[in-house]
>>> print(open('start-v5.txt').read())   # compact mmCIF, C-alpha atoms
# COMPACT_ATOMS: atom_id res chain seq x y z
CA MET S 43 55.56 214.07 239.79
CA SER S 44 52.98 211.97 238.02
CA GLY S 45 49.38 211.85 239.13
CA GLY S 46 49.12 208.07 238.65
CA LYS S 47 49.77 205.31 241.14
CA LEU S 48 53.35 204.01 241.19
CA PRO S 49 53.75 200.24 240.75
CA ALA S 50 55.19 198.14 243.53
CA VAL S 51 58.82 197.03 243.29
CA GLN S 52 57.78 193.36 243.25
CA SER S 53 55.68 193.87 240.12
CA LEU S 54 58.64 195.46 238.32
CA ASP S 55 60.92 192.51 239.06
CA LYS S 56 59.01 189.99 236.95
CA PRO S 57 58.63 190.39 233.18
CA GLU S 58 55.20 190.97 231.73
CA ASP S 59 53.44 188.21 229.80
CA LEU S 60 54.05 188.75 226.08
CA GLY S 61 50.75 187.12 225.05
CA HIS S 62 48.82 189.43 227.35
CA LEU S 63 50.65 192.49 226.00
CA LEU S 64 49.95 191.49 222.39
CA ARG S 65 46.25 190.94 223.11
CA GLN S 66 46.11 194.29 224.84
CA ASP S 67 47.89 196.07 221.97
CA ARG S 68 45.75 194.62 219.18
CA GLY S 69 43.10 197.15 218.37
CA ASP S 70 39.67 196.45 216.98
CA ASP S 71 39.19 197.59 213.43
CA CYS S 72 35.88 198.82 212.17
CA LEU S 73 34.25 197.03 209.25
CA SER S 74 34.88 199.86 206.81
CA CYS S 75 38.60 199.87 207.68
CA LYS S 76 38.82 196.15 206.94
CA VAL S 77 36.90 196.50 203.68
CA VAL S 78 39.03 199.39 202.43
CA GLY S 79 42.29 197.78 203.56
CA SER S 80 41.56 194.40 202.05
CA GLY S 81 40.13 195.99 198.90
CA ALA S 82 43.37 197.90 198.43
CA PHE S 83 45.37 194.67 198.54
CA PHE S 84 42.95 192.94 196.17
CA GLY S 85 43.22 195.86 193.76
CA LEU S 86 47.02 195.87 193.97
CA GLY S 87 47.09 192.13 193.29
CA ALA S 88 44.85 192.48 190.24
CA TYR S 89 46.78 195.49 188.94
CA SER S 90 50.10 193.72 189.47
CA TYR S 91 48.90 190.68 187.55
CA LEU S 92 47.33 192.56 184.65
CA SER S 93 50.07 195.11 184.17
CA GLY S 94 52.84 192.55 184.68
CA MET S 95 51.43 190.15 182.13
CA SER S 96 50.86 192.92 179.57
CA GLN S 97 54.44 194.19 180.02
CA LEU S 98 55.71 190.64 179.70
CA GLN S 99 53.84 190.16 176.42
CA ARG S 100 55.20 193.44 175.08
CA GLN S 101 58.76 192.42 175.90
CA ARG S 102 58.33 188.78 174.81
CA GLN S 103 60.53 189.01 171.69
CA ALA S 104 63.35 190.81 173.50
CA ILE S 105 63.27 188.27 176.33
CA LEU S 106 63.38 185.31 173.96
CA ARG S 107 66.19 186.89 171.91
CA SER S 108 68.31 187.49 175.01
CA ARG S 109 68.44 183.76 175.84
CA SER S 110 68.41 184.65 179.49
CA MET S 111 68.48 181.99 182.18
CA PHE S 112 65.11 183.37 183.29
CA GLY S 113 62.73 182.72 180.44
CA MET S 114 59.06 183.50 180.07
CA ARG S 115 57.87 180.75 182.40
CA SER S 116 59.90 181.90 185.42
CA ARG S 117 58.93 185.52 184.85
CA LYS S 118 55.25 184.59 184.66
CA PHE S 119 55.67 182.59 187.85
CA GLY S 120 57.17 185.66 189.53
CA ILE S 121 54.29 187.88 188.48
CA VAL S 122 51.72 185.33 189.62
CA GLY S 123 53.58 184.89 192.92
CA ILE S 124 53.60 188.61 193.66
CA SER S 125 49.93 188.91 192.74
CA LEU S 126 48.93 185.94 194.89
CA GLY S 127 50.94 187.35 197.78
CA LEU S 128 49.05 190.63 197.58
CA VAL S 129 45.69 188.85 197.36
CA TRP S 130 46.67 186.69 200.35
CA MET S 131 47.47 189.82 202.33
CA GLY S 132 44.04 191.17 201.39
CA LEU S 133 42.37 187.99 202.66
CA TRP S 134 44.43 188.12 205.84
CA ARG S 135 43.47 191.76 206.33
CA ALA S 136 39.80 191.02 205.76
CA PHE S 137 39.50 188.14 208.22
CA ARG S 138 42.06 189.01 210.89
>>> encode(input="start-v5.txt", output="structure tokens")
Amino acid sequence: MSGGKLPAVQSLDKPEDLGHLLRQDRGDDCLSCKVVGSGAFFGLGAYSYLSGMSQLQRQRQAILRSRSMFGMRSRKFGIVGISLGLVWMGLWRAFR
């Protein structure tokens, strides 16, 4: 069978502590992994903001002509929200 030691029946009856399992599962990231990962999110946030705002300005006349319920202000808010979300994920990745 297996070469390892089999656990006792009493230890299998009780559930394992979830906090202990999560601490055990969380791996340590190296500094370069954190820098690259957070930098990717920062870059995506900046790209999302810049490209979204430029597309919005290009389509400004068509949006205003359509008299949509979602005008320029709500669309700008959406772009800013997505960009801030990506930057927040970059900060979380850098310091977690």
>>> closest_atom_pairs(input="start-v5.txt", of="region 74-102 of chain S", to="region 125-129 of chain S", cutoff="12 Å", atoms="only C-alpha atoms", output="Markdown table")
| residue | atom | partner | partner_atom | distance |
| --- | --- | --- | --- | --- |
| S:Gly79 | CA | S:Val129 | CA | 11.4 |
| S:Ser80 | CA | S:Val129 | CA | 8.4 |
| S:Gly81 | CA | S:Val129 | CA | 9.2 |
| S:Ala82 | CA | S:Leu128 | CA | 9.3 |
| S:Phe83 | CA | S:Leu128 | CA | 5.5 |
| S:Phe84 | CA | S:Val129 | CA | 5.1 |
| S:Gly85 | CA | S:Val129 | CA | 8.3 |
| S:Leu86 | CA | S:Leu128 | CA | 6.7 |
| S:Gly87 | CA | S:Ser125 | CA | 4.3 |
| S:Ala88 | CA | S:Ser125 | CA | 6.7 |
| S:Tyr89 | CA | S:Ser125 | CA | 8.2 |
| S:Ser90 | CA | S:Ser125 | CA | 5.8 |
| S:Tyr91 | CA | S:Ser125 | CA | 5.6 |
| S:Leu92 | CA | S:Ser125 | CA | 9.2 |
| S:Ser93 | CA | S:Ser125 | CA | 10.6 |
| S:Gly94 | CA | S:Ser125 | CA | 9.3 |
| S:Met95 | CA | S:Ser125 | CA | 10.8 |
>>> closest_residue(input="start-v5.txt", among="S:Leu48, S:Leu73, S:Met114, S:Ala104", to="Phe137 (chain S)", atoms="all atoms listed in the file")
S:Leu73
>>> atom_distance(input="start-v5.txt", atom1="CA of Leu106 (chain S)", atom2="CA of Phe119 (chain S)")
16.1 Å
>>> residues_around(input="start-v5.txt", residues="region 97-99 of chain S", least_positions_apart="6", cutoff="9 Å", atoms="only C-alpha atoms", output="PyMOL selection string")
chain S and resi 105+114+117-118
>>> atom_distance(input="start-v5.txt", atom1="CA of Arg68 (chain S)", atom2="CA of Gln52 (chain S)")
26.9 Å
>>> atom_distance(input="start-v5.txt", atom1="CA of Glu58 (chain S)", atom2="CA of Asp71 (chain S)")
25.2 Å
>>> closest_residue(input="start-v5.txt", among="S:Val77, S:Ala50, S:Leu64, S:Met111", to="Leu133 (chain S)", atoms="all atoms listed in the file")
S:Val77
>>> closest_residue(input="start-v5.txt", among="S:His62, S:Lys56, S:Lys76, S:Arg100", to="Gly132 (chain S)", atoms="only C-alpha atoms")
S:Lys76
>>> decode(input="start-v5.txt", residues="region 79-108 of chain S", atoms="N, CA, C and O atoms", output="PDB file, in the first residue's frame")
ATOM      1  N   GLY S  79       3.440  40.700 -10.449  1.00  0.00           N
ATOM      2  CA  GLY S  79       1.986  40.540 -10.353  1.00  0.00           C
ATOM      3  C   GLY S  79       1.275  41.850 -10.102  1.00  0.00           C
ATOM      4  O   GLY S  79       0.275  42.174 -10.752  1.00  0.00           O
ATOM      5  N   SER S  80       1.788  42.630  -9.152  1.00  0.00           N
ATOM      6  CA  SER S  80       1.134  43.906  -8.868  1.00  0.00           C
ATOM      7  C   SER S  80       1.349  44.894 -10.010  1.00  0.00           C
ATOM      8  O   SER S  80       0.463  45.680 -10.339  1.00  0.00           O
ATOM      9  N   GLY S  81       2.509  44.853 -10.637  1.00  0.00           N
ATOM     10  CA  GLY S  81       2.769  45.726 -11.782  1.00  0.00           C
ATOM     11  C   GLY S  81       1.837  45.434 -12.940  1.00  0.00           C
ATOM     12  O   GLY S  81       1.431  46.355 -13.666  1.00  0.00           O
ATOM     13  N   ALA S  82       1.487  44.170 -13.118  1.00  0.00           N
ATOM     14  CA  ALA S  82       0.550  43.811 -14.187  1.00  0.00           C
ATOM     15  C   ALA S  82      -0.824  44.427 -13.921  1.00  0.00           C
ATOM     16  O   ALA S  82      -1.456  44.970 -14.831  1.00  0.00           O
ATOM     17  N   PHE S  83      -1.275  44.377 -12.680  1.00  0.00           N
ATOM     18  CA  PHE S  83      -2.563  44.975 -12.349  1.00  0.00           C
ATOM     19  C   PHE S  83      -2.522  46.492 -12.475  1.00  0.00           C
ATOM     20  O   PHE S  83      -3.479  47.110 -12.945  1.00  0.00           O
ATOM     21  N   PHE S  84      -1.417  47.114 -12.057  1.00  0.00           N
ATOM     22  CA  PHE S  84      -1.288  48.563 -12.202  1.00  0.00           C
ATOM     23  C   PHE S  84      -1.313  48.949 -13.679  1.00  0.00           C
ATOM     24  O   PHE S  84      -1.976  49.916 -14.074  1.00  0.00           O
ATOM     25  N   GLY S  85      -0.608  48.190 -14.498  1.00  0.00           N
ATOM     26  CA  GLY S  85      -0.587  48.460 -15.931  1.00  0.00           C
ATOM     27  C   GLY S  85      -1.959  48.276 -16.558  1.00  0.00           C
ATOM     28  O   GLY S  85      -2.380  49.068 -17.410  1.00  0.00           O
ATOM     29  N   LEU S  86      -2.676  47.223 -16.148  1.00  0.00           N
ATOM     30  CA  LEU S  86      -4.021  47.006 -16.682  1.00  0.00           C
ATOM     31  C   LEU S  86      -4.965  48.120 -16.264  1.00  0.00           C
ATOM     32  O   LEU S  86      -5.827  48.546 -17.048  1.00  0.00           O
ATOM     33  N   GLY S  87      -4.817  48.601 -15.030  1.00  0.00           N
ATOM     34  CA  GLY S  87      -5.654  49.707 -14.576  1.00  0.00           C
ATOM     35  C   GLY S  87      -5.396  50.970 -15.373  1.00  0.00           C
ATOM     36  O   GLY S  87      -6.332  51.660 -15.798  1.00  0.00           O
ATOM     37  N   ALA S  88      -4.121  51.280 -15.605  1.00  0.00           N
ATOM     38  CA  ALA S  88      -3.772  52.477 -16.373  1.00  0.00           C
ATOM     39  C   ALA S  88      -4.240  52.336 -17.826  1.00  0.00           C
ATOM     40  O   ALA S  88      -4.815  53.276 -18.398  1.00  0.00           O
ATOM     41  N   TYR S  89      -4.019  51.180 -18.425  1.00  0.00           N
ATOM     42  CA  TYR S  89      -4.441  50.956 -19.803  1.00  0.00           C
ATOM     43  C   TYR S  89      -5.959  51.038 -19.924  1.00  0.00           C
ATOM     44  O   TYR S  89      -6.492  51.628 -20.875  1.00  0.00           O
ATOM     45  N   SER S  90      -6.661  50.454 -18.971  1.00  0.00           N
ATOM     46  CA  SER S  90      -8.119  50.490 -18.990  1.00  0.00           C
ATOM     47  C   SER S  90      -8.633  51.924 -18.910  1.00  0.00           C
ATOM     48  O   SER S  90      -9.564  52.306 -19.634  1.00  0.00           O
ATOM     49  N   TYR S  91      -8.017  52.727 -18.059  1.00  0.00           N
ATOM     50  CA  TYR S  91      -8.450  54.114 -17.919  1.00  0.00           C
ATOM     51  C   TYR S  91      -8.157  54.911 -19.190  1.00  0.00           C
ATOM     52  O   TYR S  91      -9.037  55.581 -19.729  1.00  0.00           O
ATOM     53  N   LEU S  92      -6.931  54.826 -19.665  1.00  0.00           N
ATOM     54  CA  LEU S  92      -6.538  55.634 -20.832  1.00  0.00           C
ATOM     55  C   LEU S  92      -7.290  55.227 -22.098  1.00  0.00           C
ATOM     56  O   LEU S  92      -7.804  56.079 -22.829  1.00  0.00           O
ATOM     57  N   SER S  93      -7.366  53.940 -22.351  1.00  0.00           N
ATOM     58  CA  SER S  93      -8.050  53.509 -23.571  1.00  0.00           C
ATOM     59  C   SER S  93      -9.559  53.715 -23.462  1.00  0.00           C
ATOM     60  O   SER S  93     -10.214  54.086 -24.435  1.00  0.00           O
ATOM     61  N   GLY S  94     -10.112  53.513 -22.272  1.00  0.00           N
ATOM     62  CA  GLY S  94     -11.550  53.721 -22.093  1.00  0.00           C
ATOM     63  C   GLY S  94     -11.954  55.164 -22.278  1.00  0.00           C
ATOM     64  O   GLY S  94     -12.952  55.474 -22.938  1.00  0.00           O
ATOM     65  N   MET S  95     -11.167  56.070 -21.703  1.00  0.00           N
ATOM     66  CA  MET S  95     -11.488  57.493 -21.849  1.00  0.00           C
ATOM     67  C   MET S  95     -11.302  57.968 -23.294  1.00  0.00           C
ATOM     68  O   MET S  95     -12.093  58.777 -23.783  1.00  0.00           O
ATOM     69  N   SER S  96     -10.281  57.465 -23.984  1.00  0.00           N
ATOM     70  CA  SER S  96     -10.098  57.881 -25.380  1.00  0.00           C
ATOM     71  C   SER S  96     -11.230  57.350 -26.259  1.00  0.00           C
ATOM     72  O   SER S  96     -11.726  58.065 -27.143  1.00  0.00           O
ATOM     73  N   GLN S  97     -11.660  56.111 -26.026  1.00  0.00           N
ATOM     74  CA  GLN S  97     -12.794  55.565 -26.788  1.00  0.00           C
ATOM     75  C   GLN S  97     -14.071  56.342 -26.490  1.00  0.00           C
ATOM     76  O   GLN S  97     -14.888  56.581 -27.381  1.00  0.00           O
ATOM     77  N   LEU S  98     -14.229  56.737 -25.239  1.00  0.00           N
ATOM     78  CA  LEU S  98     -15.413  57.490 -24.854  1.00  0.00           C
ATOM     79  C   LEU S  98     -15.437  58.855 -25.537  1.00  0.00           C
ATOM     80  O   LEU S  98     -16.491  59.307 -26.001  1.00  0.00           O
ATOM     81  N   GLN S  99     -14.289  59.499 -25.632  1.00  0.00           N
ATOM     82  CA  GLN S  99     -14.233  60.794 -26.317  1.00  0.00           C
ATOM     83  C   GLN S  99     -14.483  60.656 -27.816  1.00  0.00           C
ATOM     84  O   GLN S  99     -15.102  61.519 -28.428  1.00  0.00           O
ATOM     85  N   ARG S 100     -14.020  59.558 -28.394  1.00  0.00           N
ATOM     86  CA  ARG S 100     -14.267  59.335 -29.820  1.00  0.00           C
ATOM     87  C   ARG S 100     -15.739  59.112 -30.108  1.00  0.00           C
ATOM     88  O   ARG S 100     -16.247  59.506 -31.156  1.00  0.00           O
ATOM     89  N   GLN S 101     -16.428  58.466 -29.197  1.00  0.00           N
ATOM     90  CA  GLN S 101     -17.839  58.133 -29.388  1.00  0.00           C
ATOM     91  C   GLN S 101     -18.782  59.149 -28.743  1.00  0.00           C
ATOM     92  O   GLN S 101     -19.989  58.916 -28.679  1.00  0.00           O
ATOM     93  N   ARG S 102     -18.252  60.258 -28.272  1.00  0.00           N
ATOM     94  CA  ARG S 102     -19.028  61.246 -27.521  1.00  0.00           C
ATOM     95  C   ARG S 102     -20.270  61.708 -28.292  1.00  0.00           C
ATOM     96  O   ARG S 102     -21.377  61.736 -27.733  1.00  0.00           O
ATOM     97  N   GLN S 103     -20.111  62.099 -29.537  1.00  0.00           N
ATOM     98  CA  GLN S 103     -21.240  62.617 -30.321  1.00  0.00           C
ATOM     99  C   GLN S 103     -22.325  61.554 -30.513  1.00  0.00           C
ATOM    100  O   GLN S 103     -23.515  61.852 -30.402  1.00  0.00           O
ATOM    101  N   ALA S 104     -21.912  60.331 -30.797  1.00  0.00           N
ATOM    102  CA  ALA S 104     -22.895  59.260 -30.994  1.00  0.00           C
ATOM    103  C   ALA S 104     -23.639  58.951 -29.695  1.00  0.00           C
ATOM    104  O   ALA S 104     -24.838  58.689 -29.714  1.00  0.00           O
ATOM    105  N   ILE S 105     -22.945  59.017 -28.579  1.00  0.00           N
ATOM    106  CA  ILE S 105     -23.581  58.754 -27.285  1.00  0.00           C
ATOM    107  C   ILE S 105     -24.579  59.852 -26.961  1.00  0.00           C
ATOM    108  O   ILE S 105     -25.707  59.584 -26.520  1.00  0.00           O
ATOM    109  N   LEU S 106     -24.197  61.096 -27.180  1.00  0.00           N
ATOM    110  CA  LEU S 106     -25.100  62.206 -26.878  1.00  0.00           C
ATOM    111  C   LEU S 106     -26.309  62.215 -27.820  1.00  0.00           C
ATOM    112  O   LEU S 106     -27.425  62.567 -27.404  1.00  0.00           O
ATOM    113  N   ARG S 107     -26.109  61.835 -29.072  1.00  0.00           N
ATOM    114  CA  ARG S 107     -27.220  61.780 -30.029  1.00  0.00           C
ATOM    115  C   ARG S 107     -28.215  60.675 -29.699  1.00  0.00           C
ATOM    116  O   ARG S 107     -29.403  60.805 -29.966  1.00  0.00           O
ATOM    117  N   SER S 108     -27.726  59.593 -29.100  1.00  0.00           N
ATOM    118  CA  SER S 108     -28.602  58.446 -28.832  1.00  0.00           C
ATOM    119  C   SER S 108     -29.572  58.697 -27.686  1.00  0.00           C
ATOM    120  O   SER S 108     -30.556  57.982 -27.549  1.00  0.00           O
TER     121      SER S 108
END
